[in-house]
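Visitor: Dropping a structure here in structure tokens format, bear with me for questions.
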Amino acid sequence: MPISSRTQVGIIGAGPAGLVLSHLLYLQGIDSVVVENRSRQYSEQRVRAGVLEQGTVDLLSEMGVGERMKAEGLVHYGIELRFAGRGHRIDFQDLTGGKGITIYAQHEVLKDLNNARIATAGQVLFEVENVSVHDLDGARPRIHYQKDGNDYELVCDFIAGCDGFHGICRPSIPSGALTEYDREYPFGWLGILAEAPPSSTELIYTYHDRGFALLSMRSPRISRLYLQCRPDEDIEQWSDEKIWQELHIRLASDGWALTEGPVLQKGVTGMRSFVVEPMQYGKLFLAGDSAHIVPPTGAKGLNLAVADVQILARALKHFYSNGSRELLDTYSDVCLRRVWKVQRFSWWMTSMLHRFPNENPFDHRRQLAELDYVTSSRAAAKSLAENYVGLPLE
Ligand code: PHB
């Protein structure tokens, strides 16, 4: 017999979605338990996203986990779009009425959230095994898992599936209940983390004949750089020297130089757009990457996950204080409206900035015209800016 316990909300996954949800619930007086199959150390070291929208920054601050982010995060009020060897600044501050973004790594956000959960006696169980969910549309939804060789059962009112694209929650829903929308891109990103002061104060998104390149950063000493590559690119074929050489070519611009430094990490990521509808089945609510994936060109993945759980926390609060399921019932629709707008933006940025293997000369000229338009029309630049800094939560 498993060792049985109870909680109000069982949360699968201790990534940004799971931890933000669990801490938001705590602040609202709702009990939760988070189960995660990886170790705390792994999640706090894995290099992932790095761009926080103003809404994400505000939420983390309101939750009391924003102190280090405020001290160490880099606030940016624009990005550069570079093409035909020239840079064009998109001025977020001017175009959005003062908004910006903050550069602060996802794994730093996770450290802050884990510390906050521990300081408030939150239950986050790392390195659990064989997690499964049961009775999702019944009266006693349950999470089963093993830890240190023992079997456990966690009986919940609700379960939040925050376990990412490859997690167990989405596949636990009967397949007929979900519709999936999917697009794979015929390229990936080869990314490096380098011990080099960023060569620009703001991010540079570059469209080049040889493919997309991005200059980003993690701190005043650490650069993060990406190159468009084949989706199945073999990282072993890319020496550090070859990577720098390609970055120099794609990012080149008159009077500008790229600073090199030791490569600390490198890897290849695939690119896809994915949405599942609805984001709920019975008492299971999907949030973040378990329900949707965006290509990284719009820097939206983490922010979208945080928006989902903000909406879910609000709906759960409404349920526990009024006994009303109204907001839980509309959770999926409310999230999906925003999800699809963010999908559109991420797809648009990706399509504008990458070379496509099957494109023809017309497509190429059209992409250049799109870049010319977005950097010369205030209306077009404004549309990019308002999406990049983050659409408002409904
Ligand atoms: C990053 O710094 O890792 C980063 C920045 C902007 C993007 C994607 C990734 O669009």
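Residues in the structure tokens are numbered from 1 in each chain, the chains being A, B, ... in the order shown, and ligands are numbered from 1 in the order shown.
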List all protein, DNA and RNA residues that have any atom at most 6 Å from ligand 1, counting only C-alpha atoms and all ligand atoms, and write the list as JSON, numbers by chain.
Guide: {"A": [49, 50, 51, 216, 217, 224, 296, 297, 298, 299]}
Visitor: Residues near range 132-143 of chain A, anyone? I mean within 9 Å using only C-alpha atoms, not counting same-chain ones fewer than 6 positions away, as a PyMOL selection string.
Guide: chain A and resi 10+12+152-159+168-169+172-173+281-284
Visitor: What's the separation between CA of Leu316 in chain A and CA of Val389 in chain A, in Å to one decimal place?
Guide: 27.1 Å
Visitor: Identify, with DSSP run on backbone atoms, the residues in range 136-198 of chain A assigned to helix (DSSP H, G or I), and express the list as a PyMOL selection string.
Guide: chain A and resi 170-172+175-177
Visitor: Considering only C-alpha atoms, can you say which of A:Val124, A:Val109, A:Cys335, A:Leu25 comes closest to Glu44 in chain A?
Guide: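 Nearest candidate to Glu44 in chain A out of A:Val124, A:Val109, A:Cys335, A:Leu25: A:Val109.
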Visitor: Quick check, in Å to one decimal: how far apart do CA of Ala84 in chain A and CA of Glu53 in chain A lie?
Guide: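 Calculated distance between CA of Ala84 in chain A and CA of Glu53 in chain A is 28.7 Å.
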